[in-house]
There are 2 protein chains.
Amino acid sequence: MFTGLCAFPLTPFDQERVDFTAFERLIANLVAAKVDSICAMGSTGLYPYLTQEERKDVLQHTVAVAQGTPVMVGIGALRTQDVLKHAETAQQAGADAVLLAPVSYHPLTQAEVYSLYESVTAELSVPLCVYENPRVTQFTFDDELYHEISRLPNVAAIKIPGTPFGSAQGDAYLRQLRSLVPETVAIGVSGDKFGAAGMAAGCDLWLSVLGGLFPKTVQTMLGTINAGTPELSVQHNASLEPLWEMFSNYGGGIRVMATAAGILGYTESDCLPKPLQPLQKKAREELKSLLETLPLY
Amino acid sequence: MFTGLCAFPLTPFDQERVDFTAFERLIANLVAAKVDSICAMGSTGLYPYLTQEERKDVLQHTVAVAQGTPVMVGIGALRTQDVLKHAETAQQAGADAVLLAPVSYHPLTQAEVYSLYESVTAELSVPLCVYENPRVTQFTFDDELYHEISRLPNVAAIKIPGTPFGSAQGDAYLRQLRSLVPETVAIGVSGDKFGAAGMAAGCDLWLSVLGGLFPKTVQTMLGTINAGTPELSVQHNASLEPLWEMFSNYGGGIRVMATAAGILGYTESDCLPKPLQPLQKKAREELKSLLETLPLY
C-alpha cells in the first residue's frame, strides 16, 4: 500500500466534538478521487488531541467510508503503553497499517525512540510506517537509528520530513537514507511543498496533507511524473507557492487546510479544537482568493 | 505563596503505574525541609503523561502529605477543554494554585495562547502561574502577550525559562519583564543552573527541580542571598556545575533527577514511564559519584 498518494485528511471538530458528518464528506472526497490510501489521524488529523474512544470512532468511520481503499492510522502517544493500546485498537478496527511518530513532551533520546519502536513492532500484525517530523516531535532520527529501526519486524515505510529535493543536499539525503534501510522499506515524502520533487527524485509515495483535501491536484502531479514529464509536476508545484507560503507563515498545513475545508463547505468554518484556531480575517480572505485562482482541485 | 523555594518533585512510576509510596517519600522530604511551597506534576512531575484520574490521585496524595505546605499543580494539556477539567479537579482537590504551560503538538500562535489563558483564568478561584518553557512547549511568549496575560484575573506569577542572570543580557531580560507585568505578579526563576543568580538579581521565587529532591541545597543558597552574601550562593551554584552539565547532556533535569531518586532509595531504580529511560551504566555511575561529592542535601 506504500505507493502513489496517501491522503492525510483533517479530523474536523464542531464545538469541541469530532464532526463525523464533515469527516465522512472529507473521506468520501478521497474515495471518489481513488487515492491509493488514506491516513486517518495523521498530524493534520490531530491524533494527539483525541481520546482513545475518539480515535476508535474516527478509525471505524474511516474504514466504513473508505470502501476498501487501504487505511493507515496514526497511533502515536507520549507513553509507550498508550501507543500499544492504540495499535491494538487500530488492528481490531480494521486498519491496514499504522503510522508512528516519536511524540514527546520531554524530547526523546535515540535509545528511547528505538525502544518505543521495538516494543510496538513486536506486537503488530500490520505494517508500520515510521514517521519523522521534528517540527511537532522535537526529534530527528540519526543514521544508526534508521538502520536499526528499519530492520524491526513490520516496518514497511518511512515518512521523512520536508526535504529540498532537486537540490544536491536533498538528493544526497535520499541516497544516504536508501543506503541505510532495506530495499523493501518504502520511503515516503511529506511536506507538500517538496512532494513533487521528492517523487521525481525517486521517493516511493507521497504522504500528503494537500491531498487530504485536494487529491486530484496531487494525482495530477503524480500523473505527469509517471508520464515521464516530471518538469510539468515541478512547474505545477511552483504555481502553488502562495499556498506553501501560507503553510510556512501559519505553522504548517493544519490551520490553512482547516480554514480551506470550512471555506469549501466540507466543515464548519472553525473546525479545530481549542486552543487551535483557523486563519482569521485578512489571512482567511487571502486563502479564499488563492482557492479561487490556484490549480487546486 | 510565590516567594522562596517552590519545590518540583518527580512523579515516580513503578512498572508503568504511579508509585504512590515513593511519591509520598518525596513529598515528606520536602515537608520536613519546610519548603515554601510544592508544585505537584510540573514538567519533571510528568503532568502530560498522566490520565485525568492519575492527576487527581497524585494531587490528593500531595495535599494529604503536604500538611499545610501550599500546593501548586500543573494543569496543562493539548486541548483547552482538558485544561479546564484539570483546573476544576485541582480546585476540588484542594490545590492552592495552578501552573499552566501552553502545551502543544502543533506549535501555538500568540493569539491561541492568549485565548487559552483567557478561557482558563475566567474559571479559576485560585491563583495561576504562567509557565514559559520553550524546550518542552515549543512556545516563546512575546512582550505583548506577557503584557496582556499578566493582566488577566488570577494571574499571580510567571515561571520564566532558564536565563543567564548576572550577565547584561539576563538582567536586561528581567528589567524588561518587570516593566511589562503588574507589580503584583511574581517573577519566578527556573532552570536550576540559573536559580541562585536569578534570585540574587531580584526574582521573587525559585521554582526548582533540584529542590524537589535536594530542598536543603536550594534553601542554603537562598539563605546566603537573604543574608546579604549572594556571592556565596553563586559560588555554591558554581560547585554544582558537573550536575548542570549532566542536565544539559541528558535532556534537562528529568532523567538525571529520576536516576538520582533511584540511587538515593526514594524510588525504584527505573521510575520513569516508557519510553522515557533513566541514565544508563556509565552515566549512572558518574551521577552516583557526583551525589557523593557535590554539596547536595
# chains A, B, ... in the order shown; residues from 1 in each chain; ligands from 1
call {"tool": "closest_atom_pairs", "arguments": {"of": "chain A", "to": "chain B", "cutoff": "6 Å", "atoms": "only C-alpha atoms", "output": "CSV"}}
result
residue,atom,partner,partner_atom,distance
A:Arg79,CA,B:Lys274,CA,5.8
A:Thr80,CA,B:Lys274,CA,5.5
A:Tyr105,CA,B:Val136,CA,5.4
A:His106,CA,B:Val136,CA,5.8
A:Glu112,CA,B:Pro275,CA,5.4
A:Leu116,CA,B:Pro275,CA,5.7
A:Val136,CA,B:Tyr105,CA,5.4
A:Lys274,CA,B:Thr80,CA,5.4
A:Pro275,CA,B:Glu112,CA,5.4
call {"tool": "closest_atom_pairs", "arguments": {"of": "segment 83-199 of chain B", "to": "segment 67-76 of chain B", "cutoff": "8 Å", "atoms": "only C-alpha atoms", "output": "CSV"}}
result
residue,atom,partner,partner_atom,distance
B:Val83,CA,B:Gly76,CA,5.6
B:His86,CA,B:Ile75,CA,5.3
B:Ala87,CA,B:Ile75,CA,6.0
B:Ala90,CA,B:Val73,CA,7.1
B:Ala95,CA,B:Val71,CA,5.5
B:Asp96,CA,B:Val71,CA,5.3
B:Ala97,CA,B:Met72,CA,4.5
B:Val98,CA,B:Val73,CA,4.9
B:Leu99,CA,B:Gly74,CA,4.6
B:Leu100,CA,B:Gly76,CA,5.2
B:Ala101,CA,B:Gly76,CA,5.6
B:Pro102,CA,B:Gly76,CA,6.8
B:Val103,CA,B:Gly76,CA,6.2
call {"tool": "write_last_selection", "arguments": {"atoms": "C-alpha atoms", "output": "mmCIF file, in the first residue's frame"}}
result
data_model
loop_
_atom_site.group_PDB
_atom_site.id
_atom_site.type_symbol
_atom_site.label_atom_id
_atom_site.label_comp_id
_atom_site.auth_asym_id
_atom_site.auth_seq_id
_atom_site.Cartn_x
_atom_site.Cartn_y
_atom_site.Cartn_z
ATOM 1 C CA VAL B 83 -7.085 22.166 30.847
ATOM 2 C CA HIS B 86 -7.811 19.678 35.205
ATOM 3 C CA ALA B 87 -8.317 23.142 36.736
ATOM 4 C CA ALA B 90 -7.292 20.752 41.049
ATOM 5 C CA ALA B 95 -4.742 22.953 45.235
ATOM 6 C CA ASP B 96 -3.664 26.422 46.367
ATOM 7 C CA ALA B 97 -2.522 27.442 42.882
ATOM 8 C CA VAL B 98 -2.254 26.098 39.354
ATOM 9 C CA LEU B 99 0.634 26.112 36.872
ATOM 10 C CA LEU B 100 -0.156 26.370 33.186
ATOM 11 C CA ALA B 101 2.207 25.952 30.227
ATOM 12 C CA PRO B 102 0.986 26.302 26.623
ATOM 13 C CA VAL B 103 1.429 22.630 25.762
#
call {"tool": "residues_around", "arguments": {"residues": "Arg151 of chain A", "least_positions_apart": "4", "cutoff": "9 Å", "atoms": "only C-alpha atoms", "output": "list of chain:residue names"}}
result
A:Tyr146, A:His147, A:Val155, A:Val181, A:Pro182, A:Val185
call {"tool": "write_last_selection", "arguments": {"atoms": "all heavy atoms", "output": "short mmCIF file (atom, residue, chain, number, x, y, z; two decimals), in the first residue's frame"}}
result
data_model
loop_
_atom_site.label_atom_id
_atom_site.label_comp_id
_atom_site.auth_asym_id
_atom_site.auth_seq_id
_atom_site.Cartn_x
_atom_site.Cartn_y
_atom_site.Cartn_z
N TYR A 146 17.95 4.89 12.07
CA TYR A 146 17.22 4.46 10.87
C TYR A 146 17.66 3.06 10.45
O TYR A 146 16.84 2.23 10.05
CB TYR A 146 17.42 5.45 9.71
CG TYR A 146 16.31 6.47 9.60
CD1 TYR A 146 16.57 7.80 9.35
CD2 TYR A 146 14.97 6.09 9.75
CE1 TYR A 146 15.55 8.74 9.25
CE2 TYR A 146 13.96 7.01 9.66
CZ TYR A 146 14.24 8.33 9.41
OH TYR A 146 13.23 9.25 9.31
N HIS A 147 18.95 2.81 10.55
CA HIS A 147 19.46 1.48 10.20
C HIS A 147 18.81 0.42 11.07
O HIS A 147 18.34 -0.62 10.57
CB HIS A 147 20.98 1.47 10.35
CG HIS A 147 21.62 0.18 9.94
ND1 HIS A 147 21.75 -0.89 10.82
CD2 HIS A 147 22.14 -0.23 8.77
CE1 HIS A 147 22.33 -1.89 10.17
NE2 HIS A 147 22.59 -1.52 8.93
N VAL A 155 8.19 -3.13 9.96
CA VAL A 155 8.50 -1.78 9.49
C VAL A 155 8.54 -1.80 7.97
O VAL A 155 9.35 -2.51 7.37
CB VAL A 155 9.83 -1.25 10.07
CG1 VAL A 155 10.23 0.06 9.39
CG2 VAL A 155 9.69 -1.04 11.57
N VAL A 181 18.55 1.75 4.79
CA VAL A 181 17.37 0.92 5.07
C VAL A 181 17.22 -0.19 4.03
O VAL A 181 17.68 -0.04 2.89
CB VAL A 181 16.08 1.78 5.15
CG1 VAL A 181 16.28 3.01 6.03
CG2 VAL A 181 15.59 2.19 3.79
N PRO A 182 16.61 -1.30 4.40
CA PRO A 182 16.41 -2.39 3.44
C PRO A 182 15.60 -1.93 2.22
O PRO A 182 14.76 -1.03 2.34
CB PRO A 182 15.61 -3.42 4.24
CG PRO A 182 15.90 -3.12 5.68
CD PRO A 182 16.10 -1.64 5.74
N VAL A 185 11.81 -1.45 2.33
CA VAL A 185 11.18 -0.36 3.09
C VAL A 185 10.94 0.83 2.16
O VAL A 185 11.89 1.36 1.57
CB VAL A 185 12.05 0.04 4.30
CG1 VAL A 185 11.51 1.30 4.97
CG2 VAL A 185 12.12 -1.10 5.30
#
call {"tool": "select_by_dssp", "arguments": {"residues": "segment 20-72 of chain A", "states": "alpha helix (DSSP H)", "output": "number ranges by chain"}}
result
A: 20-32, 52-66
call {"tool": "write_last_selection", "arguments": {"atoms": "N, CA and C atoms", "output": "PDB file, in the first residue's frame"}}
result
ATOM      1  N   PHE A  20     -18.404  14.066  12.745  1.00  0.00           N
ATOM      2  CA  PHE A  20     -18.333  12.879  11.895  1.00  0.00           C
ATOM      3  C   PHE A  20     -18.985  13.083  10.530  1.00  0.00           C
ATOM      4  N   THR A  21     -20.003  13.928  10.492  1.00  0.00           N
ATOM      5  CA  THR A  21     -20.657  14.201   9.199  1.00  0.00           C
ATOM      6  C   THR A  21     -19.661  14.866   8.251  1.00  0.00           C
ATOM      7  N   ALA A  22     -18.959  15.872   8.772  1.00  0.00           N
ATOM      8  CA  ALA A  22     -17.953  16.557   7.951  1.00  0.00           C
ATOM      9  C   ALA A  22     -16.807  15.603   7.616  1.00  0.00           C
ATOM     10  N   PHE A  23     -16.421  14.789   8.573  1.00  0.00           N
ATOM     11  CA  PHE A  23     -15.316  13.855   8.338  1.00  0.00           C
ATOM     12  C   PHE A  23     -15.669  12.885   7.209  1.00  0.00           C
ATOM     13  N   GLU A  24     -16.873  12.401   7.224  1.00  0.00           N
ATOM     14  CA  GLU A  24     -17.277  11.463   6.166  1.00  0.00           C
ATOM     15  C   GLU A  24     -17.291  12.135   4.788  1.00  0.00           C
ATOM     16  N   ARG A  25     -17.631  13.418   4.763  1.00  0.00           N
ATOM     17  CA  ARG A  25     -17.560  14.153   3.484  1.00  0.00           C
ATOM     18  C   ARG A  25     -16.115  14.200   2.985  1.00  0.00           C
ATOM     19  N   LEU A  26     -15.179  14.437   3.912  1.00  0.00           N
ATOM     20  CA  LEU A  26     -13.765  14.501   3.518  1.00  0.00           C
ATOM     21  C   LEU A  26     -13.273  13.146   3.006  1.00  0.00           C
ATOM     22  N   ILE A  27     -13.667  12.080   3.680  1.00  0.00           N
ATOM     23  CA  ILE A  27     -13.230  10.737   3.258  1.00  0.00           C
ATOM     24  C   ILE A  27     -13.877  10.365   1.926  1.00  0.00           C
ATOM     25  N   ALA A  28     -15.149  10.688   1.791  1.00  0.00           N
ATOM     26  CA  ALA A  28     -15.851  10.362   0.535  1.00  0.00           C
ATOM     27  C   ALA A  28     -15.182  11.059  -0.651  1.00  0.00           C
ATOM     28  N   ASN A  29     -14.713  12.267  -0.449  1.00  0.00           N
ATOM     29  CA  ASN A  29     -13.995  13.006  -1.498  1.00  0.00           C
ATOM     30  C   ASN A  29     -12.728  12.257  -1.925  1.00  0.00           C
ATOM     31  N   LEU A  30     -12.046  11.653  -0.960  1.00  0.00           N
ATOM     32  CA  LEU A  30     -10.809  10.910  -1.255  1.00  0.00           C
ATOM     33  C   LEU A  30     -11.116   9.602  -1.973  1.00  0.00           C
ATOM     34  N   VAL A  31     -12.193   8.955  -1.548  1.00  0.00           N
ATOM     35  CA  VAL A  31     -12.587   7.689  -2.175  1.00  0.00           C
ATOM     36  C   VAL A  31     -13.013   7.947  -3.623  1.00  0.00           C
ATOM     37  N   ALA A  32     -13.780   9.025  -3.823  1.00  0.00           N
ATOM     38  CA  ALA A  32     -14.233   9.366  -5.178  1.00  0.00           C
ATOM     39  C   ALA A  32     -13.044   9.646  -6.096  1.00  0.00           C
ATOM     40  N   GLN A  52      -8.827   7.980  23.458  1.00  0.00           N
ATOM     41  CA  GLN A  52      -8.787   6.652  22.853  1.00  0.00           C
ATOM     42  C   GLN A  52     -10.127   6.306  22.198  1.00  0.00           C
ATOM     43  N   GLU A  53     -11.189   6.708  22.857  1.00  0.00           N
ATOM     44  CA  GLU A  53     -12.536   6.453  22.332  1.00  0.00           C
ATOM     45  C   GLU A  53     -12.755   7.195  21.009  1.00  0.00           C
ATOM     46  N   GLU A  54     -12.349   8.472  20.991  1.00  0.00           N
ATOM     47  CA  GLU A  54     -12.491   9.257  19.750  1.00  0.00           C
ATOM     48  C   GLU A  54     -11.669   8.635  18.627  1.00  0.00           C
ATOM     49  N   ARG A  55     -10.473   8.164  18.971  1.00  0.00           N
ATOM     50  CA  ARG A  55      -9.616   7.566  17.933  1.00  0.00           C
ATOM     51  C   ARG A  55     -10.281   6.331  17.329  1.00  0.00           C
ATOM     52  N   LYS A  56     -10.881   5.538  18.198  1.00  0.00           N
ATOM     53  CA  LYS A  56     -11.555   4.328  17.723  1.00  0.00           C
ATOM     54  C   LYS A  56     -12.720   4.692  16.804  1.00  0.00           C
ATOM     55  N   ASP A  57     -13.511   5.675  17.222  1.00  0.00           N
ATOM     56  CA  ASP A  57     -14.674   6.083  16.422  1.00  0.00           C
ATOM     57  C   ASP A  57     -14.250   6.636  15.065  1.00  0.00           C
ATOM     58  N   VAL A  58     -13.209   7.482  15.071  1.00  0.00           N
ATOM     59  CA  VAL A  58     -12.755   8.086  13.811  1.00  0.00           C
ATOM     60  C   VAL A  58     -12.254   6.992  12.871  1.00  0.00           C
ATOM     61  N   LEU A  59     -11.513   6.038  13.405  1.00  0.00           N
ATOM     62  CA  LEU A  59     -10.990   4.967  12.552  1.00  0.00           C
ATOM     63  C   LEU A  59     -12.126   4.113  11.982  1.00  0.00           C
ATOM     64  N   GLN A  60     -13.101   3.792  12.810  1.00  0.00           N
ATOM     65  CA  GLN A  60     -14.221   2.983  12.329  1.00  0.00           C
ATOM     66  C   GLN A  60     -14.979   3.698  11.215  1.00  0.00           C
ATOM     67  N   HIS A  61     -15.187   4.997  11.383  1.00  0.00           N
ATOM     68  CA  HIS A  61     -15.828   5.768  10.311  1.00  0.00           C
ATOM     69  C   HIS A  61     -14.977   5.759   9.042  1.00  0.00           C
ATOM     70  N   THR A  62     -13.676   5.873   9.217  1.00  0.00           N
ATOM     71  CA  THR A  62     -12.792   5.900   8.042  1.00  0.00           C
ATOM     72  C   THR A  62     -12.894   4.593   7.272  1.00  0.00           C
ATOM     73  N   VAL A  63     -12.749   3.491   7.994  1.00  0.00           N
ATOM     74  CA  VAL A  63     -12.772   2.172   7.348  1.00  0.00           C
ATOM     75  C   VAL A  63     -14.122   1.953   6.656  1.00  0.00           C
ATOM     76  N   ALA A  64     -15.198   2.363   7.315  1.00  0.00           N
ATOM     77  CA  ALA A  64     -16.535   2.155   6.746  1.00  0.00           C
ATOM     78  C   ALA A  64     -16.706   2.937   5.442  1.00  0.00           C
ATOM     79  N   VAL A  65     -16.245   4.190   5.424  1.00  0.00           N
ATOM     80  CA  VAL A  65     -16.449   5.039   4.250  1.00  0.00           C
ATOM     81  C   VAL A  65     -15.406   4.748   3.166  1.00  0.00           C
ATOM     82  N   ALA A  66     -14.256   4.225   3.560  1.00  0.00           N
ATOM     83  CA  ALA A  66     -13.142   4.027   2.610  1.00  0.00           C
ATOM     84  C   ALA A  66     -13.463   2.975   1.558  1.00  0.00           C
TER      85      ALA A  66
END
call {"tool": "residues_around", "arguments": {"residues": "segment 285-294 of chain A", "least_positions_apart": "4", "cutoff": "7 Å", "atoms": "only C-alpha atoms", "output": "count of residues only"}}
result
3
call {"tool": "select_by_dssp", "arguments": {"residues": "segment 52-287 of chain A", "states": "strand (DSSP E)", "output": "NGL selection string"}}
result
:A and (71-74 or 97-100 or 128-131 or 155-160 or 186-189 or 205-208)
call {"tool": "residues_around", "arguments": {"residues": "Ala197 of chain B", "least_positions_apart": "3", "cutoff": "6 Å", "atoms": "only C-alpha atoms", "output": "list in words"}}
result
Phe165, Gly166, Phe194 and Ala200 of chain B
call {"tool": "write_last_selection", "arguments": {"atoms": "C-alpha atoms", "output": "PDB file, in the first residue's frame"}}
result
ATOM      1  CA  PHE B 165      21.234  36.133  35.187  1.00  0.00           C
ATOM      2  CA  GLY B 166      24.266  38.081  36.311  1.00  0.00           C
ATOM      3  CA  PHE B 194      20.360  29.988  36.856  1.00  0.00           C
ATOM      4  CA  ALA B 200      20.278  37.437  43.549  1.00  0.00           C
TER       5      ALA B 200
END
call {"tool": "residues_around", "arguments": {"residues": "Gly262 of chain B", "least_positions_apart": "4", "cutoff": "10 Å", "atoms": "only C-alpha atoms", "output": "list in words"}}
result
Pro12, Ala22, Met257, Ala258, Tyr266, Thr267, Glu268, Ser269, Asp270, Cys271 and Pro278 of chain B
call {"tool": "closest_residue", "arguments": {"among": "B:Thr220, B:Thr3, B:Gln176, B:Thr140", "to": "Pro161 of chain B", "atoms": "only C-alpha atoms"}}
result
B:Thr140
